[in-house]
>>> print(open('query-v2.csv').read())   # CSV, C-alpha atoms and all ligand atoms
chain,number,residue,atom,x,y,z
V,1,MET,CA,4.3,-25.9,2.1
V,2,LYS,CA,4.6,-27.2,5.6
V,3,SER,CA,7.4,-29.7,4.7
V,4,VAL,CA,9.7,-30.0,1.7
V,5,GLY,CA,9.3,-33.7,2.0
V,6,TYR,CA,6.6,-33.7,-0.6
V,7,GLY,CA,8.7,-32.6,-3.5
V,8,GLU,CA,11.5,-30.5,-4.8
V,9,VAL,CA,11.7,-27.0,-3.5
V,10,ASN,CA,14.1,-24.1,-4.0
V,11,ARG,CA,15.4,-21.9,-1.2
V,12,ARG,CA,13.4,-19.0,0.2
V,13,ARG,CA,14.6,-15.8,-1.5
V,14,ARG,CA,14.1,-12.2,-0.9
V,15,ARG,CA,15.5,-11.0,-4.3
V,16,PRO,CA,13.5,-10.6,-7.5
V,17,GLY,CA,12.3,-13.8,-9.1
V,18,ASN,CA,10.0,-16.4,-7.8
V,19,GLU,CA,10.1,-19.4,-5.5
V,20,TRP,CA,8.9,-22.7,-6.8
V,21,VAL,CA,8.1,-26.3,-5.8
V,22,VAL,CA,7.9,-29.3,-8.2
V,23,ILE,CA,5.5,-32.0,-7.1
V,24,ARG,CA,5.7,-35.3,-8.9
V,25,LEU,CA,2.3,-37.0,-9.0
V,26,ALA,CA,2.2,-40.8,-8.5
V,27,GLY,CA,0.8,-41.4,-12.0
V,28,ARG,CA,-1.0,-39.8,-14.8
V,29,GLY,CA,-4.3,-38.2,-13.8
V,30,VAL,CA,-6.8,-35.4,-14.0
V,31,ILE,CA,-6.3,-32.5,-11.5
V,32,ASP,CA,-9.7,-31.7,-9.9
V,33,LEU,CA,-8.4,-29.2,-7.4
V,34,ALA,CA,-5.1,-27.6,-6.5
V,35,GLU,CA,-5.0,-25.6,-3.3
V,36,ILE,CA,-2.1,-23.2,-2.9
V,37,ASP,CA,-2.0,-22.2,0.7
V,38,THR,CA,0.5,-19.5,1.4
V,39,SER,CA,-0.7,-18.8,4.9
V,40,TRP,CA,2.4,-20.3,6.5
V,41,TYR,CA,4.6,-17.6,5.1
V,42,ARG,CA,5.4,-15.2,7.9
V,43,GLY,CA,6.6,-11.7,7.0
V,44,ASN,CA,7.3,-12.5,3.4
V,45,GLN,CA,4.1,-13.5,1.8
V,46,PRO,CA,4.1,-13.9,-2.0
V,47,GLU,CA,2.1,-11.4,-3.9
V,48,SER,CA,1.1,-13.8,-6.6
V,49,ALA,CA,1.1,-17.6,-7.5
V,50,SER,CA,0.8,-19.6,-10.7
V,51,LEU,CA,0.7,-23.3,-11.6
V,52,GLN,CA,2.3,-25.2,-14.5
V,53,THR,CA,2.3,-28.9,-15.4
V,54,LEU,CA,4.6,-31.1,-17.3
V,55,ASP,CA,3.8,-34.6,-18.6
V,56,ALA,CA,6.8,-36.6,-17.3
V,57,THR,CA,5.7,-39.7,-19.3
V,58,THR,CA,7.0,-38.1,-22.4
V,59,GLY,CA,10.5,-38.1,-20.9
V,60,ALA,CA,10.6,-34.3,-21.0
V,61,SER,CA,13.2,-32.7,-18.8
V,62,LEU,CA,12.2,-30.4,-16.0
V,63,THR,CA,14.5,-27.8,-17.3
V,64,ASP,CA,12.8,-27.8,-20.8
V,65,LYS,CA,10.7,-24.7,-20.6
V,66,SER,CA,8.7,-25.6,-23.7
V,67,ALA,CA,7.5,-28.8,-22.1
V,68,TRP,CA,5.6,-26.9,-19.4
V,69,CYS,CA,1.9,-26.0,-19.8
V,70,GLU,CA,0.3,-23.2,-17.9
V,71,LEU,CA,-2.6,-24.4,-15.7
V,72,LEU,CA,-3.1,-21.2,-13.8
V,73,PRO,CA,-1.6,-17.9,-14.9
V,74,PRO,CA,-0.2,-15.7,-12.2
V,75,VAL,CA,-3.0,-14.6,-9.9
V,76,ARG,CA,-2.5,-11.9,-7.3
V,77,LEU,CA,-2.8,-13.0,-3.7
V,78,LEU,CA,-3.9,-11.1,-0.6
V,79,PRO,CA,-1.3,-8.8,0.7
V,80,GLU,CA,0.5,-9.2,4.0
V,81,GLU,CA,-0.5,-5.8,5.1
V,82,LEU,CA,-3.4,-3.7,3.9
V,83,PRO,CA,-2.9,-0.1,5.0
V,84,TYR,CA,-6.2,1.4,6.1
V,85,GLU,CA,-5.7,4.3,3.8
V,86,THR,CA,-5.9,2.1,0.7
V,87,LEU,CA,-9.5,1.2,1.4
V,88,PRO,CA,-12.2,3.4,-0.1
V,89,PRO,CA,-13.1,6.2,2.2
V,90,ALA,CA,-16.2,5.8,4.4
V,91,ASP,CA,-19.3,7.1,2.6
V,92,PRO,CA,-21.1,9.8,4.7
V,93,ARG,CA,-24.3,9.0,2.7
V,94,ARG,CA,-24.2,5.4,3.9
V,95,PRO,CA,-22.0,5.6,7.1
V,96,ALA,CA,-23.3,2.2,8.4
V,97,ARG,CA,-21.5,0.5,5.5
V,98,VAL,CA,-18.0,0.4,6.9
V,99,PRO,CA,-15.1,-0.8,4.7
V,100,VAL,CA,-12.9,-3.3,6.7
V,101,GLY,CA,-10.7,-5.2,4.2
V,102,ILE,CA,-10.4,-6.8,0.8
V,103,ALA,CA,-11.5,-10.3,-0.3
V,104,GLU,CA,-9.2,-12.9,-1.7
V,105,ALA,CA,-11.6,-13.8,-4.5
V,106,ASP,CA,-11.4,-10.5,-6.4
V,107,LEU,CA,-9.2,-8.3,-4.1
V,108,GLN,CA,-12.1,-5.9,-3.9
V,109,PRO,CA,-13.1,-4.1,-0.7
V,110,VAL,CA,-15.4,-5.8,1.7
V,111,HIS,CA,-17.8,-3.9,4.0
V,112,LEU,CA,-19.7,-4.6,7.2
V,113,ASP,CA,-23.2,-3.2,6.7
V,114,PHE,CA,-24.5,-2.3,10.2
V,115,ASP,CA,-27.9,-1.2,8.8
V,116,ASN,CA,-28.6,-4.7,7.7
V,117,GLU,CA,-26.7,-6.7,10.3
V,118,PRO,CA,-26.3,-4.7,13.5
V,119,HIS,CA,-23.8,-6.8,15.4
V,120,VAL,CA,-20.5,-8.5,14.7
V,121,LEU,CA,-18.6,-11.3,16.5
V,122,LEU,CA,-14.9,-11.9,16.0
V,123,PHE,CA,-12.7,-14.8,17.3
V,124,GLY,CA,-9.0,-14.8,17.0
V,125,ASP,CA,-5.8,-16.1,18.6
V,126,VAL,CA,-3.3,-14.1,20.6
V,127,GLU,CA,-1.8,-11.4,18.3
V,128,SER,CA,-4.0,-12.3,15.4
V,129,GLY,CA,-5.2,-8.7,14.9
V,130,LYS,CA,-8.3,-8.4,17.1
V,131,SER,CA,-7.5,-5.0,18.5
V,132,THR,CA,-6.3,-3.7,15.1
V,133,PHE,CA,-9.7,-4.7,13.6
V,134,LEU,CA,-11.5,-2.7,16.3
V,135,ARG,CA,-9.2,0.2,15.8
V,136,CYS,CA,-9.8,0.3,12.0
V,137,LEU,CA,-13.5,-0.2,12.6
V,138,ALA,CA,-13.7,2.7,15.0
V,139,ARG,CA,-11.9,4.8,12.4
V,140,GLY,CA,-14.4,3.9,9.7
V,141,ILE,CA,-17.3,4.8,12.1
V,142,THR,CA,-15.9,8.1,13.1
V,143,GLU,CA,-15.0,9.1,9.5
V,144,GLY,CA,-18.4,8.1,8.2
V,145,TYR,CA,-20.7,9.6,10.8
V,146,ALA,CA,-20.8,13.1,12.2
V,147,PRO,CA,-20.3,13.1,16.0
V,148,ASN,CA,-24.0,13.8,16.5
V,149,ASP,CA,-25.1,10.9,14.4
V,150,ALA,CA,-23.1,8.1,16.1
V,151,LYS,CA,-21.6,7.5,19.5
V,152,VAL,CA,-19.0,5.0,20.4
V,153,ILE,CA,-18.5,3.2,23.7
V,154,ILE,CA,-15.3,1.1,24.0
V,155,VAL,CA,-15.0,-1.7,26.5
V,156,ASP,CA,-11.3,-2.7,26.7
V,157,TYR,CA,-9.9,-3.9,30.0
V,158,ARG,CA,-6.4,-4.2,28.6
V,159,ARG,CA,-6.5,-0.6,27.2
V,160,SER,CA,-5.3,-1.7,23.8
V,161,LEU,CA,-7.5,0.9,22.1
V,162,LEU,CA,-6.7,3.9,24.3
V,163,GLY,CA,-6.4,7.0,22.1
V,164,THR,CA,-8.1,5.3,19.2
V,165,VAL,CA,-11.2,7.6,19.2
V,166,THR,CA,-10.3,11.2,20.1
V,167,THR,CA,-13.5,12.9,18.6
V,168,ASP,CA,-16.8,13.6,20.3
V,169,HIS,CA,-18.1,10.3,19.0
V,170,LEU,CA,-16.6,8.7,22.1
V,171,ILE,CA,-18.9,8.8,25.1
V,172,GLY,CA,-17.5,6.1,27.4
V,173,TYR,CA,-14.4,3.9,27.9
V,174,GLY,CA,-14.9,0.8,30.1
V,175,THR,CA,-11.6,-0.3,31.5
V,176,SER,CA,-13.0,-2.2,34.5
V,177,GLN,CA,-16.2,-4.1,35.5
V,178,GLN,CA,-17.3,-1.2,37.7
V,179,VAL,CA,-17.0,1.5,35.0
V,180,THR,CA,-18.5,-0.8,32.3
V,181,ASN,CA,-21.5,-1.6,34.6
V,182,ASP,CA,-22.3,2.1,34.9
V,183,LEU,CA,-21.9,2.7,31.2
V,184,ILE,CA,-24.1,-0.2,30.2
V,185,GLN,CA,-26.8,0.9,32.7
V,186,GLN,CA,-26.9,4.3,30.9
V,187,VAL,CA,-27.1,2.5,27.5
V,188,VAL,CA,-30.0,0.4,28.8
V,189,ALA,CA,-31.9,3.5,30.0
V,190,VAL,CA,-31.6,5.1,26.5
V,191,MET,CA,-32.4,1.9,24.6
V,192,ARG,CA,-35.5,1.3,26.7
V,193,GLU,CA,-36.9,4.6,25.5
V,194,ARG,CA,-36.3,3.6,22.0
V,195,LEU,CA,-38.1,0.3,22.1
V,196,PRO,CA,-41.1,0.4,19.8
V,197,GLY,CA,-44.4,0.4,21.7
V,198,PRO,CA,-47.5,-1.4,20.3
V,199,GLU,CA,-48.7,1.9,18.7
V,200,VAL,CA,-45.7,2.1,16.4
V,201,THR,CA,-46.7,1.2,12.8
V,202,ALA,CA,-44.8,-0.9,10.3
V,203,GLU,CA,-44.0,2.2,8.3
V,204,GLN,CA,-42.6,3.9,11.4
V,205,LEU,CA,-40.6,0.9,12.2
V,206,ARG,CA,-39.0,0.9,8.8
V,207,SER,CA,-38.2,4.6,8.9
V,208,ARG,CA,-37.3,4.5,12.6
V,209,SER,CA,-39.3,7.7,13.0
V,210,TRP,CA,-40.5,7.2,16.6
V,211,TRP,CA,-37.2,8.1,18.2
V,212,ARG,CA,-34.4,10.5,17.5
V,213,GLY,CA,-30.8,10.2,18.5
V,214,PRO,CA,-27.4,8.8,17.5
V,215,GLU,CA,-26.6,5.3,16.5
V,216,LEU,CA,-24.6,3.6,19.3
V,217,TYR,CA,-21.7,1.4,18.7
V,218,VAL,CA,-20.4,-0.7,21.6
V,219,LEU,CA,-17.0,-2.0,20.7
V,220,VAL,CA,-15.7,-4.8,23.1
V,221,ASP,CA,-12.1,-6.0,23.0
V,222,ASP,CA,-11.1,-9.2,24.8
V,223,TYR,CA,-14.7,-10.3,25.7
V,224,ASP,CA,-13.2,-13.2,27.6
V,225,LEU,CA,-11.9,-10.8,30.2
V,226,VAL,CA,-15.3,-9.0,30.4
V,227,ALA,CA,-17.7,-12.0,30.8
V,228,THR,CA,-16.2,-13.7,33.8
V,229,GLN,CA,-17.3,-15.8,36.8
V,230,THR,CA,-17.9,-12.6,38.7
V,231,GLY,CA,-20.4,-11.3,36.2
V,232,ASN,CA,-20.9,-9.8,32.8
V,233,PRO,CA,-21.5,-6.0,32.6
V,234,LEU,CA,-22.8,-6.5,29.1
V,235,ALA,CA,-25.6,-8.9,30.2
V,236,PRO,CA,-28.3,-6.2,30.4
V,237,LEU,CA,-27.9,-5.6,26.7
V,238,LEU,CA,-29.2,-9.1,25.9
V,239,GLU,CA,-32.8,-8.1,25.7
V,240,PHE,CA,-32.1,-5.4,23.2
V,241,LEU,CA,-29.9,-7.2,20.7
V,242,ALA,CA,-32.7,-8.7,18.5
V,243,GLN,CA,-34.0,-5.2,17.9
V,244,GLY,CA,-30.6,-3.6,17.4
V,245,ARG,CA,-31.5,-2.3,13.9
V,246,ASP,CA,-34.7,-0.7,15.0
V,247,ILE,CA,-33.2,1.0,18.1
V,248,GLY,CA,-29.7,1.9,16.6
V,249,LEU,CA,-27.7,-0.4,18.9
V,250,HIS,CA,-24.6,-2.2,17.6
V,251,LEU,CA,-22.5,-4.6,19.6
V,252,VAL,CA,-19.1,-5.6,18.2
V,253,ILE,CA,-17.3,-8.3,20.2
V,254,THR,CA,-13.8,-9.7,19.8
V,255,ARG,CA,-12.8,-12.7,21.8
V,256,ARG,CA,-9.8,-15.0,22.2
V,257,ILE,CA,-10.3,-18.1,20.1
V,258,GLY,CA,-9.1,-20.5,22.8
V,259,GLY,CA,-12.2,-21.9,24.5
V,260,ALA,CA,-14.4,-20.2,21.8
V,261,SER,CA,-16.5,-23.3,21.3
V,262,ARG,CA,-17.4,-23.2,24.9
V,263,ALA,CA,-18.1,-19.4,24.7
V,264,LEU,CA,-20.7,-20.2,22.0
V,265,PHE,CA,-23.0,-21.0,25.0
V,266,ASP,CA,-22.5,-17.6,26.5
V,267,PRO,CA,-25.9,-15.8,26.3
V,268,ILE,CA,-24.6,-12.7,24.5
V,269,VAL,CA,-22.5,-14.6,22.1
V,270,SER,CA,-25.2,-17.1,21.3
V,271,ARG,CA,-27.8,-14.3,20.8
V,272,ILE,CA,-25.5,-12.5,18.3
V,273,ARG,CA,-25.0,-15.8,16.4
V,274,GLU,CA,-28.8,-16.6,16.4
V,275,LEU,CA,-29.3,-13.2,14.7
V,276,ALA,CA,-27.1,-14.5,11.8
V,277,SER,CA,-24.6,-11.7,12.4
V,278,PRO,CA,-21.4,-11.5,10.5
V,279,GLY,CA,-18.7,-13.6,12.0
V,280,ILE,CA,-15.0,-13.0,11.6
V,281,MET,CA,-12.6,-15.9,12.3
V,282,MET,CA,-8.9,-15.1,12.5
V,283,SER,CA,-6.1,-17.4,13.2
V,284,GLY,CA,-6.7,-20.3,15.6
V,285,PRO,CA,-6.1,-23.9,16.4
V,286,ARG,CA,-8.1,-26.4,14.3
V,287,ASP,CA,-9.0,-28.5,17.3
V,288,GLU,CA,-11.3,-25.7,18.6
V,289,GLY,CA,-14.0,-27.2,16.3
V,290,PRO,CA,-16.4,-25.4,14.0
V,291,LEU,CA,-17.3,-21.8,15.1
V,292,PHE,CA,-19.3,-20.4,12.2
V,293,GLY,CA,-21.3,-22.9,10.3
V,294,THR,CA,-18.9,-25.8,9.6
V,295,LEU,CA,-15.9,-23.5,9.4
V,296,LYS,CA,-13.1,-24.5,11.8
V,297,PRO,CA,-10.2,-22.3,12.8
V,298,GLN,CA,-6.9,-22.6,10.9
V,299,PHE,CA,-3.5,-21.0,11.1
V,300,LEU,CA,-3.6,-17.6,9.4
V,301,PRO,CA,-1.2,-14.7,9.2
V,302,PRO,CA,-2.1,-11.6,11.3
V,303,GLY,CA,-5.0,-9.6,9.8
V,304,ARG,CA,-6.1,-12.6,7.6
V,305,ALA,CA,-9.6,-13.8,8.4
V,306,TRP,CA,-12.6,-15.7,7.3
V,307,LEU,CA,-15.6,-13.4,7.0
V,308,VAL,CA,-18.9,-15.3,7.3
V,309,THR,CA,-22.0,-13.4,6.3
V,310,ARG,CA,-25.5,-14.4,5.4
V,311,ARG,CA,-25.2,-12.8,1.9
V,312,GLY,CA,-21.6,-13.3,1.1
V,313,GLY,CA,-21.0,-16.8,2.5
V,314,ASN,CA,-17.5,-17.5,3.6
V,315,GLN,CA,-14.9,-15.2,2.3
V,316,LEU,CA,-11.2,-15.2,3.0
V,317,VAL,CA,-10.2,-11.5,3.6
V,318,GLN,CA,-7.3,-9.4,4.6
V,319,LEU,CA,-8.4,-6.9,7.2
V,320,ALA,CA,-7.1,-3.3,7.1
V,321,TRP,CA,-4.1,-2.4,9.2
V,322,ALA,CA,-3.5,0.9,11.0
V,323,PRO,CA,-0.8,1.6,13.5
V,324,PRO,CA,-1.7,2.2,17.2
V,325,PRO,CA,-2.0,6.0,18.0
V,326,ALA,CA,1.5,7.4,18.8
V,401,LIG,N1,-4.7,-6.3,9.7
V,401,LIG,C1,-3.5,-6.6,10.0
V,401,LIG,N2,-2.6,-6.7,9.0
V,401,LIG,C2,-1.3,-7.0,9.2
V,401,LIG,N3,-0.8,-7.2,10.5
V,401,LIG,C3,-1.6,-7.1,11.5
V,401,LIG,C4,-3.0,-6.8,11.3
V,401,LIG,N4,-3.6,-6.7,12.5
V,401,LIG,C5,-2.6,-7.0,13.4
V,401,LIG,N5,-1.4,-7.2,12.8
V,401,LIG,C6,-0.2,-7.4,13.5
V,401,LIG,O1,-0.4,-8.4,14.5
V,401,LIG,C7,0.1,-8.0,15.8
V,401,LIG,C8,-1.0,-8.1,16.8
V,401,LIG,O2,-2.0,-7.1,16.5
V,401,LIG,P1,-3.1,-6.8,17.6
V,401,LIG,O3,-2.6,-6.2,18.8
V,401,LIG,O4,-4.2,-6.1,16.8
V,401,LIG,O5,-3.6,-8.3,17.8
V,401,LIG,P2,-4.5,-8.9,19.0
V,401,LIG,O6,-5.2,-10.1,18.5
V,401,LIG,O7,-5.4,-7.8,19.5
V,401,LIG,O8,-3.4,-9.3,20.1
V,401,LIG,P3,-3.7,-9.6,21.6
V,401,LIG,O9,-4.0,-11.1,21.6
V,401,LIG,O10,-2.4,-9.3,22.3
V,401,LIG,O11,-4.8,-8.8,22.1
V,401,LIG,C9,0.7,-6.6,15.6
V,401,LIG,O12,2.1,-6.7,15.5
V,401,LIG,C10,0.2,-6.1,14.3
V,401,LIG,O13,1.1,-5.4,13.6
V,402,MG,MG,-5.7,-7.1,21.5
>>> encode(input="query-v2.csv", output="structure tokens", more="lines below")
Ligand SMILES: Nc1ncnc2c1ncn2[C@@H]1O[C@H](COP(=O)(O)OP(=O)(O)OP(=O)(O)O)[C@@H](O)[C@H]1O
Ligand SMILES: [Mg+2]
Amino acid sequence: MKSVGYGEVNRRRRRPGNEWVVIRLAGRGVIDLAEIDTSWYRGNQPESASLQTLDATTGASLTDKSAWCELLPPVRLLPEELPYETLPPADPRRPARVPVGIAEADLQPVHLDFDNEPHVLLFGDVESGKSTFLRCLARGITEGYAPNDAKVIIVDYRRSLLGTVTTDHLIGYGTSQQVTNDLIQQVVAVMRERLPGPEVTAEQLRSRSWWRGPELYVLVDDYDLVATQTGNPLAPLLEFLAQGRDIGLHLVITRRIGGASRALFDPIVSRIRELASPGIMMSGPRDEGPLFGTLKPQFLPPGRAWLVTRRGGNQLVQLAWAPPPA
């Protein structure tokens, strides 16, 4: 609760027992919807919540336990921190299906499925968990694929992800415009070879049998620093994005949420969105306006996000957490 002005509230506690708030309704009525928003808790989020009612018109006392009816039995809430190790391990038979977190609705794992949706776009505020997401994703990719089956390029001007991938999966690390330009030129040369010519049949397209080679994951942190007035080294990838699935190209972008609604007009960002790619919206100011469908940013704890997918709709999720490499 943002303010205790709405009702009666007990003091925050760190000992066993629960915190509560009593809200007196203006009159007798039917409750259509009660929303319990615990996202304002910082560092001490409750693990569960429940809801009881008392009919005050009977004159019952608040302290009379028997006068209370249970409306919502205790339901578990998303944890504050979801250690990466608690997710199911990456499945080497389906390495493109990468576990990334758990959903609020059922607390079950949620995956990104790069076979079906090759690219992902994430917006998040300062320190909302953007780099952590990429770190965990890189881990999922390198644990699911053999190094010959997938390669990773990281573009990260602030070097937040240094040391994240130490296996042979890593083939490039762009820390500046110059280095990233060169890397992307190499990617373009490979992808051009993979583009299906007119002779490729529908069956070959489905089985991707006209080329051989690893999947390529390009993970970009802080895209706002990469696409600038002086150019965007990722721009040459634009023409390949629509065929990402066929040619094994995956682009995952995180960007600061401030100014995100303007960034929707950026050619790369807008192409990824046109392809109905999964969107991840972490904490952000509401006045940024709708970013995915009608979904507007809201204040969320670190690692908490709205995952927007074509199949799953909008899901509130807790993304996995792993510490930066020592
Ligand atoms: N999934 C998560 N679960 C819990 N806490 C998290 C999670 N991700 C990040 N955090 C916490 O949030 C803080 C910022 O994390 P991170 O560096 O990943 O955010 P960021 O959005 O990349 O920040 P910046 O804006 O500086 O780039 C860290 O202290 C981290 O512990
Ligand atoms: Mg970061």
>>> residues_near_ligand(input="query-v2.csv", ligand="ligand MG 402 (chain V)", cutoff="7 Å", atoms="all atoms listed in the file", output="JSON, numbers by chain")
{"V": [127, 129, 130, 131, 160, 221, 222]}
>>> write_last_selection(input="query-v2.csv", atoms="C-alpha atoms", output="PDB file, keeping the file's coordinate frame")
ATOM      1  CA  GLU V 127      -1.800 -11.400  18.300  1.00  0.00           C
ATOM      2  CA  GLY V 129      -5.200  -8.700  14.900  1.00  0.00           C
ATOM      3  CA  LYS V 130      -8.300  -8.400  17.100  1.00  0.00           C
ATOM      4  CA  SER V 131      -7.500  -5.000  18.500  1.00  0.00           C
ATOM      5  CA  SER V 160      -5.300  -1.700  23.800  1.00  0.00           C
ATOM      6  CA  ASP V 221     -12.100  -6.000  23.000  1.00  0.00           C
ATOM      7  CA  ASP V 222     -11.100  -9.200  24.800  1.00  0.00           C
TER       8      ASP V 222
END
>>> closest_residue(input="query-v2.csv", among="V:Asp32, V:Glu80, V:Asp113, V:Glu274", to="ligand LIG 401 (chain V)", atoms="only C-alpha atoms and all ligand atoms")
V:Glu80
>>> atom_distance(input="query-v2.csv", atom1="CA of Leu219 in chain V", atom2="CA of Ser176 in chain V")
14.4 Å
>>> residues_near_point(input="query-v2.csv", point="(-13.7, -11.9, 27.9)", cutoff="10 Å", atoms="all atoms listed in the file", output="PDB file with C-alpha atoms, keeping the file's coordinate frame")
ATOM      1  CA  ASP V 156     -11.300  -2.700  26.700  1.00  0.00           C
ATOM      2  CA  TYR V 157      -9.900  -3.900  30.000  1.00  0.00           C
ATOM      3  CA  VAL V 220     -15.700  -4.800  23.100  1.00  0.00           C
ATOM      4  CA  ASP V 221     -12.100  -6.000  23.000  1.00  0.00           C
ATOM      5  CA  ASP V 222     -11.100  -9.200  24.800  1.00  0.00           C
ATOM      6  CA  TYR V 223     -14.700 -10.300  25.700  1.00  0.00           C
ATOM      7  CA  ASP V 224     -13.200 -13.200  27.600  1.00  0.00           C
ATOM      8  CA  LEU V 225     -11.900 -10.800  30.200  1.00  0.00           C
ATOM      9  CA  VAL V 226     -15.300  -9.000  30.400  1.00  0.00           C
ATOM     10  CA  ALA V 227     -17.700 -12.000  30.800  1.00  0.00           C
ATOM     11  CA  THR V 228     -16.200 -13.700  33.800  1.00  0.00           C
ATOM     12  CA  ASN V 232     -20.900  -9.800  32.800  1.00  0.00           C
ATOM     13  CA  ILE V 253     -17.300  -8.300  20.200  1.00  0.00           C
ATOM     14  CA  THR V 254     -13.800  -9.700  19.800  1.00  0.00           C
ATOM     15  CA  ARG V 255     -12.800 -12.700  21.800  1.00  0.00           C
ATOM     16  CA  ARG V 256      -9.800 -15.000  22.200  1.00  0.00           C
ATOM     17  CA  ALA V 263     -18.100 -19.400  24.700  1.00  0.00           C
TER      18      ALA V 263
END
>>> residues_near_ligand(input="query-v2.csv", ligand="ligand LIG 401 (chain V)", cutoff="10 Å", atoms="all atoms listed in the file", output="PyMOL selection string")
chain V and resi 43+79-84+100-101+123-136+158-161+221-222+254-257+282-283+301-305+317-324
>>> residues_around(input="query-v2.csv", residues="Ala146 in chain V", least_positions_apart="4", cutoff="8 Å", atoms="all atoms listed in the file", output="PyMOL selection string")
chain V and resi 142+150+169
>>> write_last_selection(input="query-v2.csv", atoms="C-alpha atoms", output="PDB file, in the coordinates of the input")
ATOM      1  CA  THR V 142     -15.900   8.100  13.100  1.00  0.00           C
ATOM      2  CA  ALA V 150     -23.100   8.100  16.100  1.00  0.00           C
ATOM      3  CA  HIS V 169     -18.100  10.300  19.000  1.00  0.00           C
TER       4      HIS V 169
END
>>> residues_around(input="query-v2.csv", residues="range 185-202 of chain V", least_positions_apart="2", cutoff="6 Å", atoms="only C-alpha atoms", output="PyMOL selection string")
chain V and resi 182-183+204-205+211+247
>>> atom_distance(input="query-v2.csv", atom1="CA of Met281 in chain V", atom2="CA of Gly163 in chain V")
25.7 Å
